[in-house]
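Below is the file query-v7.cif, which contains mmCIF, C-alpha atoms.
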data_work
loop_
_atom_site.group_PDB
_atom_site.id
_atom_site.type_symbol
_atom_site.label_atom_id
_atom_site.label_comp_id
_atom_site.auth_asym_id
_atom_site.auth_seq_id
_atom_site.Cartn_x
_atom_site.Cartn_y
_atom_site.Cartn_z
ATOM 1 C CA MET A 1 -2.547 6.893 -23.487
ATOM 2 C CA THR A 2 0.339 6.506 -21.035
ATOM 3 C CA LEU A 3 -1.595 8.291 -18.271
ATOM 4 C CA PHE A 4 -4.620 6.044 -18.818
ATOM 5 C CA LEU A 5 -2.426 2.924 -18.801
ATOM 6 C CA MET A 6 -0.689 3.997 -15.578
ATOM 7 C CA ILE A 7 -4.059 4.593 -13.903
ATOM 8 C CA ILE A 8 -5.295 1.153 -15.013
ATOM 9 C CA LEU A 9 -2.077 -0.465 -13.744
ATOM 10 C CA ALA A 10 -2.430 1.364 -10.415
ATOM 11 C CA ILE A 11 -6.015 0.115 -10.099
ATOM 12 C CA ILE A 12 -4.840 -3.428 -10.816
ATOM 13 C CA GLY A 13 -2.082 -2.970 -8.214
ATOM 14 C CA GLY A 14 -4.668 -1.839 -5.683
ATOM 15 C CA ALA A 15 -6.862 -4.825 -6.483
ATOM 16 C CA THR A 16 -3.955 -7.207 -5.928
ATOM 17 C CA LEU A 17 -3.250 -5.555 -2.559
ATOM 18 C CA SER A 18 -6.818 -6.312 -1.485
ATOM 19 C CA VAL A 19 -6.448 -9.939 -2.555
ATOM 20 C CA GLN A 20 -3.100 -10.074 -0.756
ATOM 21 C CA ALA A 21 -4.646 -8.617 2.401
ATOM 22 C CA ALA A 22 -7.468 -11.146 2.389
ATOM 23 C CA LEU A 23 -5.127 -14.072 1.782
ATOM 24 C CA ASN A 24 -2.530 -12.915 4.308
ATOM 25 C CA GLY A 25 -5.219 -12.262 6.908
ATOM 26 C CA ARG A 26 -6.453 -15.817 6.549
ATOM 27 C CA LEU A 27 -2.914 -17.230 6.489
ATOM 28 C CA GLY A 28 -1.900 -15.142 9.498
ATOM 29 C CA GLY A 29 -4.870 -16.487 11.426
ATOM 30 C CA ASN A 30 -3.684 -20.033 10.721
ATOM 31 C CA VAL A 31 0.099 -19.816 11.028
ATOM 32 C CA GLY A 32 0.760 -16.486 12.758
ATOM 33 C CA VAL A 33 1.116 -12.863 11.762
ATOM 34 C CA PHE A 34 4.884 -12.794 11.443
ATOM 35 C CA LYS A 35 5.152 -16.074 9.534
ATOM 36 C CA SER A 36 2.616 -14.746 7.062
ATOM 37 C CA ALA A 37 4.561 -11.492 6.717
ATOM 38 C CA PHE A 38 7.820 -13.422 6.351
ATOM 39 C CA LEU A 39 6.368 -15.512 3.543
ATOM 40 C CA THR A 40 5.170 -12.368 1.763
ATOM 41 C CA PHE A 41 8.587 -10.730 1.914
ATOM 42 C CA SER A 42 10.492 -13.921 1.076
ATOM 43 C CA VAL A 43 8.447 -14.656 -2.031
ATOM 44 C CA GLY A 44 8.535 -10.969 -2.943
ATOM 45 C CA ALA A 45 12.327 -10.901 -2.615
ATOM 46 C CA VAL A 46 12.756 -13.947 -4.847
ATOM 47 C CA VAL A 47 10.366 -12.658 -7.520
ATOM 48 C CA THR A 48 11.943 -9.197 -7.429
ATOM 49 C CA ALA A 49 15.449 -10.680 -7.683
ATOM 50 C CA LEU A 50 14.372 -12.559 -10.804
ATOM 51 C CA LEU A 51 12.834 -9.405 -12.282
ATOM 52 C CA ILE A 52 16.060 -7.488 -11.591
ATOM 53 C CA PHE A 53 18.184 -10.239 -13.111
ATOM 54 C CA PHE A 54 16.136 -10.542 -16.289
ATOM 55 C CA PHE A 55 14.646 -7.091 -16.872
ATOM 56 C CA GLU A 56 16.361 -4.303 -14.899
ATOM 57 C CA PRO A 57 18.623 -2.125 -17.065
ATOM 58 C CA ASN A 58 21.952 -0.934 -15.679
ATOM 59 C CA HIS A 59 21.872 2.340 -13.775
ATOM 60 C CA PRO A 60 24.830 4.631 -13.100
ATOM 61 C CA VAL A 61 23.815 4.895 -9.422
ATOM 62 C CA THR A 62 23.678 1.882 -7.106
ATOM 63 C CA LEU A 63 21.798 1.354 -3.848
ATOM 64 C CA MET A 64 25.066 2.094 -2.035
ATOM 65 C CA ASP A 65 25.383 5.487 -3.770
ATOM 66 C CA VAL A 66 21.973 7.005 -2.992
ATOM 67 C CA PRO A 67 21.316 9.138 0.096
ATOM 68 C CA LYS A 68 20.735 6.664 2.923
ATOM 69 C CA TRP A 69 17.369 8.198 3.894
ATOM 70 C CA GLN A 70 15.989 6.992 0.556
ATOM 71 C CA LEU A 71 16.564 3.400 1.649
ATOM 72 C CA LEU A 72 14.090 3.837 4.524
ATOM 73 C CA GLY A 73 11.238 3.266 2.068
ATOM 74 C CA ALA A 74 12.085 -0.437 2.221
ATOM 75 C CA LEU A 75 11.022 -0.471 5.874
ATOM 76 C CA CYS A 76 7.588 0.991 5.144
ATOM 77 C CA GLY A 77 6.255 -2.270 3.727
ATOM 78 C CA VAL A 78 6.825 -4.157 6.979
ATOM 79 C CA PRO A 79 4.270 -2.316 9.123
ATOM 80 C CA TYR A 80 1.780 -2.359 6.237
ATOM 81 C CA ILE A 81 1.903 -6.137 5.851
ATOM 82 C CA VAL A 82 1.851 -6.853 9.597
ATOM 83 C CA ILE A 83 -0.971 -4.375 10.258
ATOM 84 C CA MET A 84 -3.062 -5.729 7.376
ATOM 85 C CA VAL A 85 -2.621 -9.351 8.476
ATOM 86 C CA VAL A 86 -3.930 -8.387 11.919
ATOM 87 C CA ALA A 87 -6.570 -5.876 10.784
ATOM 88 C CA VAL A 88 -8.214 -8.063 8.135
ATOM 89 C CA GLN A 89 -8.817 -10.764 10.746
ATOM 90 C CA ARG A 90 -10.583 -8.293 13.034
ATOM 91 C CA ILE A 91 -12.337 -5.740 10.802
ATOM 92 C CA GLY A 92 -12.516 -7.447 7.414
ATOM 93 C CA THR A 93 -10.821 -6.844 4.096
ATOM 94 C CA ALA A 94 -13.014 -3.952 2.916
ATOM 95 C CA VAL A 95 -12.734 -1.822 6.050
ATOM 96 C CA ALA A 96 -9.002 -2.502 6.398
ATOM 97 C CA THR A 97 -8.390 -1.690 2.734
ATOM 98 C CA VAL A 98 -10.387 1.552 2.754
ATOM 99 C CA ALA A 99 -8.637 2.574 5.968
ATOM 100 C CA VAL A 100 -5.269 1.939 4.327
ATOM 101 C CA ILE A 101 -6.305 3.913 1.252
ATOM 102 C CA PHE A 102 -7.464 6.765 3.507
ATOM 103 C CA GLY A 103 -4.074 6.728 5.236
ATOM 104 C CA GLN A 104 -2.280 6.608 1.875
ATOM 105 C CA LEU A 105 -4.303 9.468 0.455
ATOM 106 C CA SER A 106 -3.919 11.601 3.578
ATOM 107 C CA MET A 107 -0.154 11.180 3.688
ATOM 108 C CA SER A 108 0.161 11.563 -0.091
ATOM 109 C CA VAL A 109 -1.661 14.898 0.028
ATOM 110 C CA LEU A 110 0.719 16.083 2.751
ATOM 111 C CA ILE A 111 3.784 14.871 0.842
ATOM 112 C CA ASP A 112 2.544 16.621 -2.303
ATOM 113 C CA ASN A 113 1.585 19.825 -0.523
ATOM 114 C CA PHE A 114 4.874 20.282 1.286
ATOM 115 C CA GLY A 115 7.136 18.653 -1.322
ATOM 116 C CA TRP A 116 8.461 16.243 1.291
ATOM 117 C CA LEU A 117 10.956 13.482 0.487
ATOM 118 C CA GLY A 118 12.307 15.277 -2.560
ATOM 119 C CA ASN A 119 9.015 15.370 -4.442
ATOM 120 C CA GLU A 120 7.730 18.354 -6.364
ATOM 121 C CA ALA A 121 5.204 20.366 -4.359
ATOM 122 C CA ILE A 122 1.576 20.186 -5.508
ATOM 123 C CA SER A 123 -0.643 22.589 -3.597
ATOM 124 C CA LEU A 124 -3.513 21.424 -1.464
ATOM 125 C CA SER A 125 -6.753 22.251 -3.254
ATOM 126 C CA GLY A 126 -10.437 22.125 -2.511
ATOM 127 C CA SER A 127 -10.833 19.080 -4.709
ATOM 128 C CA ARG A 128 -8.104 17.213 -2.815
ATOM 129 C CA ILE A 129 -9.706 18.075 0.504
ATOM 130 C CA SER A 130 -13.082 16.978 -0.912
ATOM 131 C CA ALA A 131 -11.551 13.670 -1.968
ATOM 132 C CA LEU A 132 -10.252 13.109 1.577
ATOM 133 C CA ILE A 133 -13.674 13.905 3.013
ATOM 134 C CA CYS A 134 -15.422 11.577 0.537
ATOM 135 C CA LEU A 135 -13.041 8.759 1.383
ATOM 136 C CA ALA A 136 -13.551 9.350 5.117
ATOM 137 C CA ILE A 137 -17.313 9.135 4.533
ATOM 138 C CA ALA A 138 -16.818 5.938 2.504
ATOM 139 C CA LEU A 139 -14.774 4.472 5.350
ATOM 140 C CA TYR A 140 -17.532 5.351 7.806
ATOM 141 C CA PHE A 141 -20.244 3.727 5.672
ATOM 142 C CA ILE A 142 -18.244 0.603 4.891
ATOM 143 C CA HIS A 143 -17.350 0.185 8.552
ATOM 144 C CA SER A 144 -20.886 0.844 9.815
ATOM 145 C CA SER A 145 -22.407 -1.544 7.272
ATOM 146 C CA SER A 146 -19.983 -4.290 8.254
ATOM 147 C CA LYS A 147 -21.141 -4.029 11.875
ATOM 148 C CA SER A 148 -24.854 -4.269 11.051
ATOM 149 C CA GLU A 149 -24.803 -7.159 8.583
ATOM 150 C CA PRO A 150 -24.543 -10.760 9.809
ATOM 151 C CA LYS A 151 -21.241 -12.500 9.171
ATOM 152 C CA ILE A 152 -21.272 -15.438 6.772
ATOM 153 C CA ALA A 153 -18.812 -18.158 7.711
#
Once you've parsed the file, please lay out its structure as structure tokens.
Amino acid sequence: MTLFLMIILAIIGGATLSVQAALNGRLGGNVGVFKSAFLTFSVGAVVTALLIFFFEPNHPVTLMDVPKWQLLGALCGVPYIVIMVVAVQRIGTAVATVAVIFGQLSMSVLIDNFGWLGNEAISLSGSRISALICLAIALYFIHSSSKSEPKIA
């Protein structure tokens, strides 16, 4: 049951990222890419601070105690948000989202295979390679269909 719930929550998380990309793309077109990104991170920081204050249990290790390379993950959200704000305006939400998912899956397979960043190694398999190929094909078809269909304003 926990596995199923985590998969459902991950799907919901992915759906919210697509909504976020569409909204931020539109906002970025109106007010600017960096202002849109700033708003995303500012609101996110406030909401996360409230979640920490009300729900986060105490941990024996603080952010100051962890290996400093682990803190670099915080920087990874910045290029994602900025790239998506720009990309959605130019290639649409679907193509940008599938491209991001392709990038996520490709890097995730590498991280798993080599056990990078302190993660347990999970060998590259034929089914994982097939999944990458299927997603690449999906990206091709979504992109090619977006070029051939007329845009609705």
Taking the file as I've supplied it (selection: the PyMOL selection byres ((chain A and resi 138) around 12)), which residues are included? Please answer as a list in words. Ala94, Val95, Thr97, Val98, Ala99, Ile101, Phe102, Ala131, Leu132, Ile133, Cys134, Leu135, Ala136, Ile137, Leu139, Tyr140, Phe141, Ile142, His143, Ser144 and Ser145 of chain A
Any chance you could resolve the PyMOL selection byres ((chain A and resi 108-113) around 10) against this file and give the residues as a short mmCIF file (atom, residue, chain, number, x, y, z; two decimals) with C-alpha atoms, keeping the file's coordinate frame?
data_model
loop_
_atom_site.label_atom_id
_atom_site.label_comp_id
_atom_site.auth_asym_id
_atom_site.auth_seq_id
_atom_site.Cartn_x
_atom_site.Cartn_y
_atom_site.Cartn_z
CA PHE A 102 -7.46 6.76 3.51
CA GLY A 103 -4.07 6.73 5.24
CA GLN A 104 -2.28 6.61 1.88
CA LEU A 105 -4.30 9.47 0.46
CA SER A 106 -3.92 11.60 3.58
CA MET A 107 -0.15 11.18 3.69
CA PHE A 114 4.87 20.28 1.29
CA GLY A 115 7.14 18.65 -1.32
CA TRP A 116 8.46 16.24 1.29
CA LEU A 117 10.96 13.48 0.49
CA GLY A 118 12.31 15.28 -2.56
CA ASN A 119 9.02 15.37 -4.44
CA GLU A 120 7.73 18.35 -6.36
CA ALA A 121 5.20 20.37 -4.36
CA ILE A 122 1.58 20.19 -5.51
CA SER A 123 -0.64 22.59 -3.60
CA LEU A 124 -3.51 21.42 -1.46
CA SER A 125 -6.75 22.25 -3.25
CA ARG A 128 -8.10 17.21 -2.82
CA ILE A 129 -9.71 18.08 0.50
CA LEU A 132 -10.25 13.11 1.58
#
Residue nearest Ala96 in chain A among A:Ile81, A:Thr48, A:Leu72, A:Gly126 (counting only C-alpha atoms): A:Ile81
Distance query range 20-36 of chain A at most 8 Å, only C-alpha atoms, self and fewer than 6 positions along chain excluded, as a list in words: Ile81, Val82, Met84, Val85, Val86, Ala87, Val88, Gln89, Thr93 and Thr97 of chain A
Just how far from CA of Ala45 in chain A is CA of Ala74 in chain A, in Å to one decimal?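 The value is 11.5 Å.
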Would you mind reading off the distance between CA of Pro60 in chain A and CA of Gly44 in chain A, one decimal, in Å?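 Atom-to-atom, CA of Pro60 in chain A to CA of Gly44 in chain A, that is 24.7 Å.
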So what do you get for CA of Val78 in chain A versus CA of Pro57 in chain A, distance-wise?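 Pair CA of Val78 in chain A / CA of Pro57 in chain A returns 26.9 Å.
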Quick one: what's the axis-aligned box for range 72-75 of chain A, all listed atoms, 6 Å on every side, centre and edges in Å to one decimal, as AutoDock Vina command-line options?
--center_x 12.6 --center_y 1.7 --center_z 4.0 --size_x 15.1 --size_y 16.3 --size_z 15.8
Could you rebuild range 3-25 of chain A with N, CA and C atoms and give me the result as a PDB file, in the coordinates of the input?
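Just written: rebuild-v2.pdb:
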ATOM      1  N   LEU A   3      -0.922   7.959 -19.523  1.00  0.00           N
ATOM      2  CA  LEU A   3      -1.595   8.291 -18.271  1.00  0.00           C
ATOM      3  C   LEU A   3      -2.706   7.289 -17.983  1.00  0.00           C
ATOM      4  N   PHE A   4      -3.521   7.002 -18.974  1.00  0.00           N
ATOM      5  CA  PHE A   4      -4.620   6.044 -18.818  1.00  0.00           C
ATOM      6  C   PHE A   4      -4.078   4.669 -18.425  1.00  0.00           C
ATOM      7  N   LEU A   5      -3.029   4.224 -19.097  1.00  0.00           N
ATOM      8  CA  LEU A   5      -2.426   2.924 -18.801  1.00  0.00           C
ATOM      9  C   LEU A   5      -1.880   2.886 -17.371  1.00  0.00           C
ATOM     10  N   MET A   6      -1.229   3.954 -16.939  1.00  0.00           N
ATOM     11  CA  MET A   6      -0.689   3.997 -15.578  1.00  0.00           C
ATOM     12  C   MET A   6      -1.808   3.956 -14.541  1.00  0.00           C
ATOM     13  N   ILE A   7      -2.924   4.629 -14.826  1.00  0.00           N
ATOM     14  CA  ILE A   7      -4.059   4.593 -13.903  1.00  0.00           C
ATOM     15  C   ILE A   7      -4.637   3.189 -13.831  1.00  0.00           C
ATOM     16  N   ILE A   8      -4.791   2.537 -14.984  1.00  0.00           N
ATOM     17  CA  ILE A   8      -5.295   1.153 -15.013  1.00  0.00           C
ATOM     18  C   ILE A   8      -4.346   0.226 -14.248  1.00  0.00           C
ATOM     19  N   LEU A   9      -3.044   0.375 -14.461  1.00  0.00           N
ATOM     20  CA  LEU A   9      -2.077  -0.465 -13.744  1.00  0.00           C
ATOM     21  C   LEU A   9      -2.138  -0.208 -12.240  1.00  0.00           C
ATOM     22  N   ALA A  10      -2.316   1.047 -11.836  1.00  0.00           N
ATOM     23  CA  ALA A  10      -2.430   1.364 -10.415  1.00  0.00           C
ATOM     24  C   ALA A  10      -3.687   0.740  -9.821  1.00  0.00           C
ATOM     25  N   ILE A  11      -4.769   0.754 -10.568  1.00  0.00           N
ATOM     26  CA  ILE A  11      -6.015   0.115 -10.099  1.00  0.00           C
ATOM     27  C   ILE A  11      -5.803  -1.385  -9.942  1.00  0.00           C
ATOM     28  N   ILE A  12      -5.138  -1.997 -10.910  1.00  0.00           N
ATOM     29  CA  ILE A  12      -4.840  -3.428 -10.816  1.00  0.00           C
ATOM     30  C   ILE A  12      -3.941  -3.701  -9.611  1.00  0.00           C
ATOM     31  N   GLY A  13      -2.946  -2.831  -9.392  1.00  0.00           N
ATOM     32  CA  GLY A  13      -2.082  -2.970  -8.214  1.00  0.00           C
ATOM     33  C   GLY A  13      -2.873  -2.894  -6.927  1.00  0.00           C
ATOM     34  N   GLY A  14      -3.813  -1.953  -6.864  1.00  0.00           N
ATOM     35  CA  GLY A  14      -4.668  -1.839  -5.683  1.00  0.00           C
ATOM     36  C   GLY A  14      -5.522  -3.069  -5.482  1.00  0.00           C
ATOM     37  N   ALA A  15      -6.043  -3.609  -6.578  1.00  0.00           N
ATOM     38  CA  ALA A  15      -6.862  -4.825  -6.483  1.00  0.00           C
ATOM     39  C   ALA A  15      -6.029  -5.991  -5.956  1.00  0.00           C
ATOM     40  N   THR A  16      -4.796  -6.105  -6.411  1.00  0.00           N
ATOM     41  CA  THR A  16      -3.955  -7.207  -5.928  1.00  0.00           C
ATOM     42  C   THR A  16      -3.614  -7.020  -4.446  1.00  0.00           C
ATOM     43  N   LEU A  17      -3.494  -5.772  -3.988  1.00  0.00           N
ATOM     44  CA  LEU A  17      -3.250  -5.555  -2.559  1.00  0.00           C
ATOM     45  C   LEU A  17      -4.426  -6.027  -1.715  1.00  0.00           C
ATOM     46  N   SER A  18      -5.643  -5.840  -2.227  1.00  0.00           N
ATOM     47  CA  SER A  18      -6.818  -6.312  -1.485  1.00  0.00           C
ATOM     48  C   SER A  18      -6.848  -7.835  -1.436  1.00  0.00           C
ATOM     49  N   VAL A  19      -6.519  -8.470  -2.535  1.00  0.00           N
ATOM     50  CA  VAL A  19      -6.448  -9.939  -2.555  1.00  0.00           C
ATOM     51  C   VAL A  19      -5.351 -10.397  -1.603  1.00  0.00           C
ATOM     52  N   GLN A  20      -4.201  -9.733  -1.653  1.00  0.00           N
ATOM     53  CA  GLN A  20      -3.100 -10.074  -0.756  1.00  0.00           C
ATOM     54  C   GLN A  20      -3.520  -9.928   0.702  1.00  0.00           C
ATOM     55  N   ALA A  21      -4.211  -8.843   1.017  1.00  0.00           N
ATOM     56  CA  ALA A  21      -4.646  -8.617   2.401  1.00  0.00           C
ATOM     57  C   ALA A  21      -5.579  -9.726   2.862  1.00  0.00           C
ATOM     58  N   ALA A  22      -6.525 -10.088   2.017  1.00  0.00           N
ATOM     59  CA  ALA A  22      -7.468 -11.146   2.389  1.00  0.00           C
ATOM     60  C   ALA A  22      -6.749 -12.482   2.588  1.00  0.00           C
ATOM     61  N   LEU A  23      -5.863 -12.808   1.671  1.00  0.00           N
ATOM     62  CA  LEU A  23      -5.127 -14.072   1.782  1.00  0.00           C
ATOM     63  C   LEU A  23      -4.199 -14.077   2.988  1.00  0.00           C
ATOM     64  N   ASN A  24      -3.457 -12.981   3.180  1.00  0.00           N
ATOM     65  CA  ASN A  24      -2.530 -12.915   4.308  1.00  0.00           C
ATOM     66  C   ASN A  24      -3.270 -12.896   5.644  1.00  0.00           C
ATOM     67  N   GLY A  25      -4.430 -12.259   5.681  1.00  0.00           N
ATOM     68  CA  GLY A  25      -5.219 -12.262   6.908  1.00  0.00           C
ATOM     69  C   GLY A  25      -5.620 -13.666   7.298  1.00  0.00           C
TER      70      GLY A  25
END
